[in-house]
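This is query.csv (CSV, C-alpha atoms).
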```csv
chain,number,residue,atom,x,y,z
E,1,MET,CA,-14.6,-31.8,-46.3
E,2,GLU,CA,-11.9,-33.0,-43.8
E,3,ALA,CA,-9.1,-32.2,-46.3
E,4,GLY,CA,-10.5,-28.7,-46.7
E,5,ARG,CA,-10.6,-28.2,-43.0
E,6,LEU,CA,-6.9,-29.3,-42.7
E,7,ARG,CA,-5.8,-26.9,-45.4
E,8,SER,CA,-7.5,-24.0,-43.6
E,9,LEU,CA,-5.9,-25.1,-40.4
E,10,ILE,CA,-2.4,-25.2,-42.0
E,11,SER,CA,-2.9,-21.9,-43.8
E,12,GLY,CA,-3.8,-20.3,-40.5
E,13,GLY,CA,-0.6,-21.5,-38.9
E,14,GLY,CA,-2.2,-24.5,-37.2
E,15,ASP,CA,-0.5,-28.0,-36.8
E,16,PRO,CA,-2.7,-31.0,-37.7
E,17,LEU,CA,-0.4,-33.4,-35.7
E,18,ARG,CA,-0.6,-31.1,-32.7
E,19,GLU,CA,-4.4,-31.0,-33.0
E,20,LYS,CA,-4.5,-34.8,-33.0
E,21,GLN,CA,-2.2,-35.0,-30.0
E,22,ASP,CA,-4.4,-32.5,-28.2
E,23,ALA,CA,-7.5,-34.6,-29.0
E,24,ILE,CA,-5.9,-37.7,-27.6
E,25,GLU,CA,-4.8,-35.9,-24.5
E,26,ALA,CA,-8.3,-34.5,-24.0
E,27,ALA,CA,-9.8,-38.0,-24.3
E,28,ARG,CA,-7.2,-39.3,-21.9
E,29,LYS,CA,-8.0,-36.6,-19.4
E,30,ASP,CA,-11.7,-37.3,-19.8
E,31,ALA,CA,-11.2,-41.0,-19.1
E,32,ALA,CA,-9.1,-40.2,-16.1
E,33,ALA,CA,-11.7,-37.9,-14.6
E,34,THR,CA,-13.7,-40.6,-12.9
E,35,PHE,CA,-13.7,-44.4,-12.9
E,36,GLY,CA,-17.1,-44.3,-14.7
E,37,ASN,CA,-15.4,-42.5,-17.6
E,38,LEU,CA,-12.5,-44.9,-17.6
E,39,LEU,CA,-14.8,-47.8,-17.6
E,40,GLY,CA,-16.7,-46.4,-20.6
E,41,ALA,CA,-13.4,-45.9,-22.5
E,42,TYR,CA,-12.4,-49.5,-21.7
E,43,TRP,CA,-15.7,-51.0,-22.9
E,44,LEU,CA,-15.4,-49.0,-26.2
E,45,ALA,CA,-11.8,-50.1,-26.7
E,46,CYS,CA,-12.8,-53.8,-26.1
E,47,GLU,CA,-15.7,-53.6,-28.5
E,48,THR,CA,-13.7,-52.0,-31.3
E,49,GLY,CA,-10.8,-54.4,-30.8
E,50,GLU,CA,-8.4,-51.6,-30.0
E,51,TRP,CA,-7.7,-53.3,-26.6
E,52,GLN,CA,-6.8,-57.0,-26.9
E,53,PRO,CA,-4.8,-57.9,-23.8
E,54,LYS,CA,-4.8,-61.6,-24.8
E,55,ARG,CA,-4.4,-60.9,-28.5
E,56,LYS,CA,-8.0,-61.6,-29.2
E,57,ILE,CA,-11.2,-59.6,-29.3
E,58,LYS,CA,-13.5,-60.2,-26.3
E,59,ARG,CA,-16.6,-62.1,-27.2
E,60,ALA,CA,-19.8,-60.2,-27.2
E,61,SER,CA,-21.3,-62.6,-24.6
E,62,THR,CA,-18.2,-62.1,-22.3
E,63,LEU,CA,-18.6,-58.3,-22.6
E,64,LEU,CA,-22.3,-58.5,-21.8
E,65,TYR,CA,-21.6,-60.6,-18.7
E,66,GLU,CA,-18.8,-58.3,-17.5
E,67,LYS,CA,-21.0,-55.2,-18.1
E,68,ARG,CA,-23.8,-56.8,-16.0
E,69,LEU,CA,-21.4,-57.5,-13.2
E,70,ALA,CA,-19.9,-54.0,-13.4
E,71,SER,CA,-23.3,-52.3,-13.3
E,72,ARG,CA,-24.3,-54.4,-10.3
E,73,HIS,CA,-21.2,-54.3,-8.2
E,74,ILE,CA,-18.7,-51.8,-9.5
E,75,GLU,CA,-20.4,-48.7,-10.9
E,76,PRO,CA,-22.6,-48.0,-7.8
E,77,ILE,CA,-19.4,-47.7,-5.7
E,78,LEU,CA,-16.7,-46.4,-8.0
E,79,SER,CA,-18.5,-44.7,-11.0
E,80,ALA,CA,-18.2,-41.1,-9.6
E,81,VAL,CA,-14.8,-41.6,-7.9
E,82,PRO,CA,-11.8,-39.9,-9.5
E,83,VAL,CA,-9.4,-42.5,-10.9
E,84,SER,CA,-6.4,-40.8,-9.2
E,85,THR,CA,-7.9,-41.4,-5.8
E,86,ILE,CA,-8.6,-45.1,-6.1
E,87,LYS,CA,-6.2,-47.1,-4.0
E,88,ARG,CA,-5.7,-50.7,-3.2
E,89,ALA,CA,-7.7,-50.2,0.0
E,90,THR,CA,-10.6,-48.9,-2.1
E,91,ILE,CA,-10.7,-52.1,-4.2
E,92,LYS,CA,-10.4,-54.3,-1.1
E,93,ALA,CA,-13.2,-52.6,0.6
E,94,LEU,CA,-15.5,-53.1,-2.4
E,95,LEU,CA,-14.6,-56.8,-2.6
E,96,ARG,CA,-14.9,-57.4,1.2
E,97,ASP,CA,-18.4,-55.9,1.1
E,98,MET,CA,-19.3,-58.4,-1.6
E,99,VAL,CA,-18.0,-61.3,0.4
E,100,ALA,CA,-19.9,-60.0,3.5
E,101,LYS,CA,-23.1,-60.1,1.5
E,102,GLY,CA,-22.5,-63.8,0.6
E,103,ILE,CA,-21.3,-63.0,-3.0
E,104,ARG,CA,-18.2,-65.2,-3.4
E,105,ALA,CA,-17.5,-66.6,-6.9
E,106,GLN,CA,-18.4,-63.3,-8.6
E,107,THR,CA,-16.0,-61.4,-6.3
E,108,ASN,CA,-13.0,-62.8,-8.2
E,109,ARG,CA,-14.6,-61.9,-11.5
E,110,VAL,CA,-15.3,-58.3,-10.3
E,111,GLN,CA,-11.6,-58.0,-9.2
E,112,ALA,CA,-10.5,-59.3,-12.6
E,113,ILE,CA,-12.7,-56.7,-14.4
E,114,ILE,CA,-11.2,-53.8,-12.3
E,115,ARG,CA,-7.7,-55.2,-12.8
E,116,GLN,CA,-8.3,-55.3,-16.6
E,117,VAL,CA,-9.6,-51.7,-16.6
E,118,PHE,CA,-6.6,-50.4,-14.8
E,119,ASN,CA,-4.2,-52.4,-17.1
E,120,PHE,CA,-5.9,-50.5,-20.0
E,121,ALA,CA,-5.4,-47.2,-18.1
E,122,ILE,CA,-1.7,-48.0,-17.6
E,123,ASN,CA,-1.4,-48.7,-21.3
E,124,GLU,CA,-3.1,-45.4,-22.1
E,125,GLU,CA,-0.7,-43.6,-19.6
E,126,ILE,CA,-3.6,-42.5,-17.4
E,127,VAL,CA,-2.2,-44.2,-14.3
E,128,ASP,CA,1.1,-45.7,-13.3
E,129,VAL,CA,-0.1,-48.4,-10.8
E,130,ASN,CA,-2.8,-51.0,-10.9
E,131,PRO,CA,-4.6,-50.9,-7.4
E,132,ALA,CA,-6.4,-54.2,-8.2
E,133,MET,CA,-3.2,-56.2,-8.1
E,134,GLY,CA,-0.7,-57.1,-5.4
E,135,PHE,CA,-3.1,-59.0,-3.1
E,136,PRO,CA,-4.7,-62.4,-3.3
E,137,SER,CA,-8.3,-63.1,-4.3
E,138,LEU,CA,-10.7,-62.9,-1.4
E,139,HIS,CA,-12.5,-66.1,-2.5
E,140,ALA,CA,-10.7,-69.3,-3.1
E,141,PRO,CA,-12.7,-71.2,-5.7
E,142,ARG,CA,-12.9,-75.0,-5.5
E,143,PRO,CA,-13.1,-76.9,-8.7
E,144,ARG,CA,-16.5,-78.6,-9.2
E,145,LEU,CA,-16.2,-82.4,-9.6
E,146,LYS,CA,-19.8,-83.4,-9.6
E,147,ILE,CA,-21.0,-86.0,-12.2
E,148,TRP,CA,-24.4,-87.5,-12.8
E,149,LYS,CA,-24.8,-91.1,-11.6
E,150,ASP,CA,-26.4,-93.6,-13.8
E,151,HIS,CA,-29.7,-93.7,-11.8
E,152,GLU,CA,-29.8,-89.9,-11.8
E,153,LEU,CA,-29.3,-89.8,-15.6
E,154,ARG,CA,-32.3,-92.3,-15.9
E,155,SER,CA,-34.5,-90.0,-13.9
E,156,LEU,CA,-33.4,-86.9,-15.8
E,157,TRP,CA,-33.9,-88.5,-19.2
E,158,ALA,CA,-37.4,-89.7,-18.2
E,159,ALA,CA,-38.2,-86.1,-17.3
E,160,LEU,CA,-36.8,-84.7,-20.5
E,161,ASP,CA,-38.2,-87.3,-23.0
E,162,GLY,CA,-41.6,-86.1,-24.3
E,163,HIS,CA,-44.1,-83.4,-23.4
E,164,HIS,CA,-45.6,-84.8,-20.2
E,165,MET,CA,-46.2,-82.5,-17.2
E,166,LEU,CA,-43.7,-82.6,-14.4
E,167,ARG,CA,-44.6,-82.5,-10.7
E,168,THR,CA,-42.6,-81.9,-7.6
E,169,PRO,CA,-42.9,-84.5,-4.8
E,170,ASP,CA,-45.6,-82.3,-3.1
E,171,GLY,CA,-47.7,-82.3,-6.3
E,172,VAL,CA,-46.8,-78.8,-7.7
E,173,GLU,CA,-47.0,-78.8,-11.5
E,174,ILE,CA,-43.8,-77.6,-13.3
E,175,HIS,CA,-43.8,-76.5,-16.9
E,176,VAL,CA,-40.7,-77.0,-19.0
E,177,SER,CA,-41.2,-76.5,-22.7
E,178,ARG,CA,-40.3,-79.3,-25.2
E,179,GLN,CA,-37.7,-77.1,-26.8
E,180,VAL,CA,-35.8,-76.6,-23.5
E,181,ARG,CA,-36.0,-80.3,-22.8
E,182,ILE,CA,-34.5,-81.0,-26.3
E,183,ALA,CA,-31.7,-78.5,-25.6
E,184,LEU,CA,-30.9,-80.3,-22.3
E,185,GLN,CA,-30.9,-83.7,-24.1
E,186,LEU,CA,-28.5,-82.3,-26.7
E,187,ALA,CA,-26.3,-80.9,-23.9
E,188,ALA,CA,-26.1,-84.5,-22.6
E,189,LEU,CA,-25.5,-86.1,-26.0
E,190,LEU,CA,-23.1,-83.6,-27.6
E,191,LEU,CA,-21.2,-82.5,-24.5
E,192,GLN,CA,-21.0,-78.8,-25.6
E,193,ARG,CA,-21.5,-75.8,-23.4
E,194,ARG,CA,-25.0,-74.6,-22.7
E,195,SER,CA,-24.4,-71.3,-24.5
E,196,GLU,CA,-23.3,-73.2,-27.6
E,197,ILE,CA,-26.3,-75.4,-27.5
E,198,VAL,CA,-28.9,-72.7,-27.2
E,199,GLY,CA,-27.1,-70.5,-29.7
E,200,MET,CA,-27.3,-73.2,-32.4
E,201,ASP,CA,-28.4,-71.8,-35.7
E,202,ILE,CA,-29.9,-73.6,-38.7
E,203,GLY,CA,-27.1,-72.1,-40.9
E,204,GLU,CA,-24.5,-74.0,-38.8
E,205,LEU,CA,-26.0,-77.4,-39.5
E,206,ASP,CA,-25.2,-79.8,-42.3
E,207,PHE,CA,-27.5,-82.8,-42.0
E,208,GLU,CA,-26.1,-84.5,-45.1
E,209,GLN,CA,-22.6,-84.7,-43.5
E,210,ALA,CA,-24.1,-84.9,-40.0
E,211,ILE,CA,-21.9,-82.0,-38.8
E,212,TRP,CA,-22.6,-78.9,-36.6
E,213,ILE,CA,-20.0,-76.1,-37.1
E,214,ILE,CA,-20.0,-73.7,-34.2
E,215,PRO,CA,-18.5,-70.4,-35.5
E,216,PRO,CA,-15.4,-68.9,-33.8
E,217,GLU,CA,-17.3,-66.0,-32.2
E,218,ARG,CA,-19.3,-68.5,-30.0
E,219,MET,CA,-16.3,-70.5,-29.0
E,220,LYS,CA,-13.9,-69.8,-26.1
E,221,THR,CA,-11.0,-70.7,-28.3
E,222,ASN,CA,-12.1,-68.1,-30.9
E,223,LYS,CA,-11.8,-70.9,-33.5
E,224,PRO,CA,-14.6,-72.8,-35.4
E,225,HIS,CA,-15.5,-76.1,-33.8
E,226,GLN,CA,-16.9,-79.0,-35.8
E,227,VAL,CA,-19.2,-81.3,-33.8
E,228,PRO,CA,-20.2,-84.6,-35.4
E,229,LEU,CA,-23.9,-85.3,-34.9
E,230,PRO,CA,-25.0,-88.9,-33.9
E,231,PRO,CA,-28.4,-90.0,-35.2
E,232,VAL,CA,-30.4,-89.3,-32.1
E,233,ALA,CA,-29.0,-85.8,-31.9
E,234,ILE,CA,-30.0,-85.1,-35.5
E,235,LYS,CA,-33.5,-86.4,-34.7
E,236,LEU,CA,-33.8,-84.1,-31.7
E,237,ILE,CA,-32.4,-81.0,-33.7
E,238,LYS,CA,-35.0,-81.5,-36.4
E,239,GLU,CA,-37.8,-81.7,-33.9
E,240,ALA,CA,-36.6,-78.5,-32.3
E,241,ILE,CA,-36.5,-76.8,-35.7
E,242,ALA,CA,-40.0,-77.9,-36.3
E,243,LEU,CA,-41.0,-76.3,-33.0
E,244,SER,CA,-39.1,-73.0,-33.7
E,245,ARG,CA,-41.9,-71.4,-35.6
E,246,LEU,CA,-39.5,-70.3,-38.4
E,247,PRO,CA,-40.5,-70.5,-42.0
E,248,THR,CA,-39.7,-73.9,-43.5
E,249,ASP,CA,-37.5,-72.4,-46.2
E,250,ARG,CA,-35.3,-70.4,-43.9
E,251,GLN,CA,-31.6,-71.1,-44.3
E,252,THR,CA,-30.6,-69.4,-41.0
E,253,GLY,CA,-32.3,-68.7,-37.7
E,254,PRO,CA,-32.1,-70.0,-34.1
E,255,VAL,CA,-32.9,-73.6,-33.4
E,256,PHE,CA,-33.9,-72.6,-29.9
E,257,PRO,CA,-35.6,-69.1,-30.1
E,258,THR,CA,-36.9,-67.2,-27.2
E,259,PRO,CA,-40.7,-67.4,-26.6
E,260,GLN,CA,-41.0,-63.6,-27.3
E,261,ASP,CA,-39.0,-63.4,-30.5
E,262,ASN,CA,-38.3,-66.4,-32.8
E,263,THR,CA,-35.4,-64.5,-34.4
E,264,LEU,CA,-33.4,-64.4,-31.1
E,265,PRO,CA,-31.8,-67.5,-29.5
E,266,MET,CA,-32.5,-68.4,-25.9
E,267,LYS,CA,-30.0,-67.5,-23.2
E,268,GLY,CA,-28.0,-70.2,-21.5
E,269,GLU,CA,-29.6,-69.2,-18.2
E,270,ALA,CA,-32.9,-70.7,-19.5
E,271,LEU,CA,-31.4,-74.2,-19.3
E,272,THR,CA,-30.0,-73.5,-15.8
E,273,ARG,CA,-33.4,-72.4,-14.5
E,274,ALA,CA,-35.1,-75.4,-16.2
E,275,MET,CA,-32.6,-77.8,-14.7
E,276,ASP,CA,-33.3,-76.3,-11.2
E,277,ARG,CA,-37.0,-77.0,-11.6
E,278,ILE,CA,-36.5,-80.5,-13.0
E,279,ARG,CA,-34.2,-81.5,-10.2
E,280,ASP,CA,-37.0,-80.6,-7.7
E,281,CYS,CA,-39.2,-83.0,-9.6
E,282,ILE,CA,-36.8,-86.0,-9.8
E,283,GLY,CA,-35.3,-85.6,-6.4
E,284,VAL,CA,-31.7,-85.0,-7.5
E,285,GLU,CA,-29.6,-82.5,-5.6
E,286,ASP,CA,-26.7,-80.3,-6.7
E,287,ARG,CA,-26.4,-81.3,-10.3
E,288,THR,CA,-26.1,-78.7,-13.1
E,289,VAL,CA,-26.2,-78.5,-16.9
E,290,HIS,CA,-22.4,-78.2,-17.0
E,291,ASP,CA,-22.2,-81.4,-14.9
E,292,LEU,CA,-23.6,-83.3,-17.9
E,293,ARG,CA,-20.6,-82.2,-19.9
E,294,ARG,CA,-18.3,-83.4,-17.2
E,295,THR,CA,-20.2,-86.7,-16.9
E,296,GLY,CA,-19.8,-87.4,-20.6
E,297,SER,CA,-16.2,-86.3,-20.6
E,298,THR,CA,-15.4,-88.6,-17.7
E,299,ALA,CA,-17.2,-91.6,-19.4
E,300,LEU,CA,-15.3,-91.1,-22.6
E,301,THR,CA,-11.9,-91.7,-21.1
E,302,SER,CA,-13.1,-94.2,-18.5
E,303,GLU,CA,-12.9,-98.0,-18.9
E,304,ARG,CA,-16.5,-98.0,-20.2
E,305,LEU,CA,-15.4,-96.3,-23.5
E,306,GLY,CA,-11.6,-96.0,-23.5
E,307,ILE,CA,-11.4,-92.8,-25.6
E,308,SER,CA,-8.0,-91.1,-25.5
E,309,PRO,CA,-7.8,-87.8,-23.5
E,310,PHE,CA,-6.6,-86.0,-26.6
E,311,ILE,CA,-9.7,-86.9,-28.7
E,312,ARG,CA,-11.9,-86.2,-25.6
E,313,SER,CA,-10.4,-82.6,-25.7
E,314,LYS,CA,-11.2,-82.3,-29.4
E,315,VAL,CA,-14.8,-83.4,-28.7
E,316,LEU,CA,-15.2,-80.8,-26.0
E,317,GLY,CA,-13.6,-78.0,-28.1
E,318,HIS,CA,-10.7,-77.4,-25.9
E,319,GLY,CA,-7.7,-75.7,-27.5
E,320,SER,CA,-4.8,-76.5,-25.1
E,321,ASP,CA,-4.4,-80.3,-25.3
E,322,ALA,CA,-1.4,-81.1,-27.5
E,323,GLY,CA,-1.8,-84.8,-27.2
E,324,GLY,CA,1.6,-85.3,-25.7
E,325,GLY,CA,3.3,-83.3,-28.4
E,326,ALA,CA,4.6,-79.7,-28.5
E,327,GLN,CA,1.9,-77.0,-28.1
E,328,VAL,CA,3.3,-75.1,-31.1
E,329,SER,CA,2.7,-78.2,-33.3
E,330,ILE,CA,-1.0,-78.5,-32.5
E,331,ALA,CA,-1.5,-74.7,-32.6
E,332,HIS,CA,0.3,-73.9,-35.9
E,333,TYR,CA,1.2,-77.2,-37.7
E,334,ASP,CA,-2.0,-79.3,-37.3
E,335,ALA,CA,-5.2,-78.1,-39.0
E,336,ASN,CA,-6.9,-81.5,-38.6
E,337,GLU,CA,-10.4,-81.7,-37.0
E,338,TYR,CA,-10.1,-85.4,-36.1
E,339,MET,CA,-13.7,-85.8,-37.3
E,340,SER,CA,-13.6,-89.6,-37.7
E,341,ALA,CA,-12.3,-90.0,-34.1
E,342,LYS,CA,-14.7,-87.4,-32.7
E,343,ARG,CA,-17.6,-89.0,-34.5
E,344,PHE,CA,-16.6,-92.4,-33.2
E,345,ALA,CA,-16.3,-91.0,-29.6
E,346,LEU,CA,-19.7,-89.2,-29.6
E,347,THR,CA,-21.5,-92.2,-31.2
E,348,ALA,CA,-20.0,-94.5,-28.5
E,349,TRP,CA,-21.1,-92.0,-25.8
E,350,GLN,CA,-24.6,-91.8,-27.4
E,351,THR,CA,-24.8,-95.6,-27.3
E,352,LEU,CA,-23.7,-95.8,-23.7
E,353,LEU,CA,-26.0,-92.9,-22.6
E,354,LEU,CA,-29.1,-94.4,-24.2
E,355,HIS,CA,-28.2,-97.8,-22.7
E,356,ILE,CA,-27.9,-96.2,-19.2
E,357,VAL,CA,-31.2,-94.3,-19.5
E,358,SER,CA,-33.1,-97.3,-21.0
E,359,ALA,CA,-32.8,-99.3,-17.7
E,360,GLY,CA,-33.0,-102.6,-19.6
E,361,GLU,CA,-32.8,-106.1,-18.1
E,362,PRO,CA,-29.4,-107.1,-16.4
E,363,ASP,CA,-28.5,-109.5,-19.2
E,364,ALA,CA,-29.3,-107.0,-21.9
E,365,ARG,CA,-27.3,-104.3,-20.1
E,366,LYS,CA,-24.3,-106.7,-19.9
E,367,GLN,CA,-24.5,-107.5,-23.6
E,368,GLN,CA,-24.9,-103.9,-24.5
E,369,THR,CA,-21.8,-103.0,-22.4
E,370,GLY,CA,-19.9,-105.7,-24.2
E,371,ILE,CA,-20.9,-104.2,-27.6
E,372,ILE,CA,-19.8,-100.8,-26.5
E,373,ARG,CA,-16.4,-102.0,-25.4
E,374,GLY,CA,-16.1,-104.0,-28.6
E,375,MET,CA,-16.7,-100.8,-30.6
E,376,VAL,CA,-13.9,-99.1,-28.8
E,377,PHE,CA,-11.3,-101.8,-28.7
E,378,GLY,CA,-12.0,-103.1,-32.3
E,379,LEU,CA,-14.0,-106.3,-31.5
E,380,ASP,CA,-17.4,-107.2,-32.8
E,381,VAL,CA,-18.6,-108.8,-29.6
E,382,ALA,CA,-22.2,-109.3,-30.8
E,383,ASN,CA,-21.0,-111.5,-33.7
E,384,ASP,CA,-18.0,-113.0,-31.9
E,385,ARG,CA,-15.5,-112.2,-34.6
E,386,ASP,CA,-12.8,-109.7,-35.2
E,387,GLN,CA,-13.9,-106.4,-36.7
E,388,SER,CA,-11.7,-103.5,-37.9
E,389,TYR,CA,-12.5,-100.2,-36.3
E,390,PRO,CA,-10.4,-97.1,-36.2
E,391,HIS,CA,-8.5,-97.2,-32.9
E,392,VAL,CA,-9.5,-93.9,-31.3
E,393,SER,CA,-6.4,-93.6,-29.1
E,394,GLY,CA,-4.2,-93.4,-32.1
E,395,ALA,CA,-6.4,-91.2,-34.2
```

Translate the structure of the given file into structure tokens.
Amino acid sequence: MEAGRLRSLISGGGDPLREKQDAIEAARKDAAATFGNLLGAYWLACETGEWQPKRKIKRASTLLYEKRLASRHIEPILSAVPVSTIKRATIKALLRDMVAKGIRAQTNRVQAIIRQVFNFAINEEIVDVNPAMGFPSLHAPRPRLKIWKDHELRSLWAALDGHHMLRTPDGVEIHVSRQVRIALQLAALLLQRRSEIVGMDIGELDFEQAIWIIPPERMKTNKPHQVPLPPVAIKLIKEAIALSRLPTDRQTGPVFPTPQDNTLPMKGEALTRAMDRIRDCIGVEDRTVHDLRRTGSTALTSERLGISPFIRSKVLGHGSDAGGGAQVSIAHYDANEYMSAKRFALTAWQTLLLHIVSAGEPDARKQQTGIIRGMVFGLDVANDRDQSYPHVSGA
């Protein structure tokens, strides 16, 4: 049908190439009409992969988050404004209004979205200048350094372990489902991001090999990430699957489905909301789900466990640690997953974490700490003899 139309166009003296150029120009003018139109063109280009400023397609979760921010903070102000009239002062006014309302961290993200949209517009030759650049961010973020202390971890684990009702200090009952509690326990044990935990799918799990393979579309690095599963993690995952209401013969499906639809996974925000409620019950202030990841990460490389920073980065799924070597080597000439070293590290962390939350007697705690250190440094302290273990630092 299209071939026939082109033949008719040519026979009538038309020019298919000119027609295509005219269509592109019309689309460009449409996008340039208002910022709302430009934003729509930008979303479409990101979704199709046509626009890849960092040479990778934006993750669906990232796009969803950016669209929510844009609909809340950008579109009400700029949607109907002609692109050609948007100046640096326009962007600054929008951002300053956000700061005045007490919205701080998201201000930088909103500025980044507008900057990316105008970079796309420059690439499409819609504008020549990016008005979201050339001035510093209005909010200076401070890196979060909070970690859970041992006694706080004990209180948290006691609240998460089981189905018992939680109560605030003034007696108010708080409901947190067992599935959400398991997800939080796994966040502490496996040290993966909350979105990765709640997005866990049955098809990603290999219980025989004790491995969880997170697909690239759910990783910040856009690469698959293999997470070794210590025994307690496997037990918790199997319990969550049993609670998921999925048919027993299913090969795929969310381990942590939403209450409304067992074919859809929970959102990461569900863990954040649950943690806020649990903190009220256990009397712990200013600790988050992500702080569990930081706590375990810190313990791995501390004197308690002695895991190398390189293996710690591999456990966390970071893609930038070259282990002291050239970045090009780790990026292009090393396809290893370091599974033995990662499994050793997470098993040692599981042992330490369960020791912390068990609140055993002082002598027992001292002996357990010795066993953990022996695991890491290659000594069987319990049997008082040398024992060969893979030395994690050199793995």

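Each of E:Leu191, E:Ala159, E:Ala345, E:Leu264 was compared to Pro309 (chain E) using only C-alpha atoms, and E:Ala345 turns out to be the nearest.
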
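For the choices E:Gly306, E:Asn222, E:Ile234, E:Gly203, the atom-to-atom distance to Pro254 (chain E) is smallest for E:Gly203 when using all atoms listed in the file.
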
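Atom pair CA of Lys342 (chain E) / CA of Arg312 (chain E): separated by 7.7 Å.
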
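When CA of Asp291 (chain E) is paired with CA of Ala158 (chain E), their separation reads 17.6 Å.
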
Counting all atoms listed in the file, what is within 10 Å of Gly253 (chain E), bar same-chain residues fewer than 4 positions away, as a CSV table (one decimal) with C-alpha atoms, in the frame of the given file?
```
chain,number,residue,atom,x,y,z
E,199,GLY,CA,-27.1,-70.5,-29.7
E,200,MET,CA,-27.3,-73.2,-32.4
E,201,ASP,CA,-28.4,-71.8,-35.7
E,202,ILE,CA,-29.9,-73.6,-38.7
E,203,GLY,CA,-27.1,-72.1,-40.9
E,204,GLU,CA,-24.5,-74.0,-38.8
E,241,ILE,CA,-36.5,-76.8,-35.7
E,244,SER,CA,-39.1,-73.0,-33.7
E,246,LEU,CA,-39.5,-70.3,-38.4
E,247,PRO,CA,-40.5,-70.5,-42.0
E,257,PRO,CA,-35.6,-69.1,-30.1
E,262,ASN,CA,-38.3,-66.4,-32.8
E,263,THR,CA,-35.4,-64.5,-34.4
E,264,LEU,CA,-33.4,-64.4,-31.1
E,265,PRO,CA,-31.8,-67.5,-29.5
```

Exercise for the section: Please provide the set of residues having any atom within 10 Å of Leu205 (chain E), restricted to only C-alpha atoms, with same-chain residues fewer than 4 positions apart removed, written as JSON, numbers by chain. Expected result: {"E": [200, 201, 209, 210, 211, 212, 213, 214, 226, 227, 229, 234, 237, 251, 252, 255]}

Problem - Nearby residues (all atoms listed in the file) at most 10 Å from Thr168 (chain E), same-chain spacing under 2 positions excluded, as a VMD selection string - result: chain E and resid 166 170 to 174 277 to 283

Selection above as a file: C-alpha atoms, as a JSON list (two decimals), in the frame of the given file:
```
[["chain", "number", "residue", "atom", "x", "y", "z"],
["E", 166, "LEU", "CA", -43.70, -82.60, -14.40],
["E", 170, "ASP", "CA", -45.60, -82.30, -3.10],
["E", 171, "GLY", "CA", -47.70, -82.30, -6.30],
["E", 172, "VAL", "CA", -46.80, -78.80, -7.70],
["E", 173, "GLU", "CA", -47.00, -78.80, -11.50],
["E", 174, "ILE", "CA", -43.80, -77.60, -13.30],
["E", 277, "ARG", "CA", -37.00, -77.00, -11.60],
["E", 278, "ILE", "CA", -36.50, -80.50, -13.00],
["E", 279, "ARG", "CA", -34.20, -81.50, -10.20],
["E", 280, "ASP", "CA", -37.00, -80.60, -7.70],
["E", 281, "CYS", "CA", -39.20, -83.00, -9.60],
["E", 282, "ILE", "CA", -36.80, -86.00, -9.80],
["E", 283, "GLY", "CA", -35.30, -85.60, -6.40]]
```
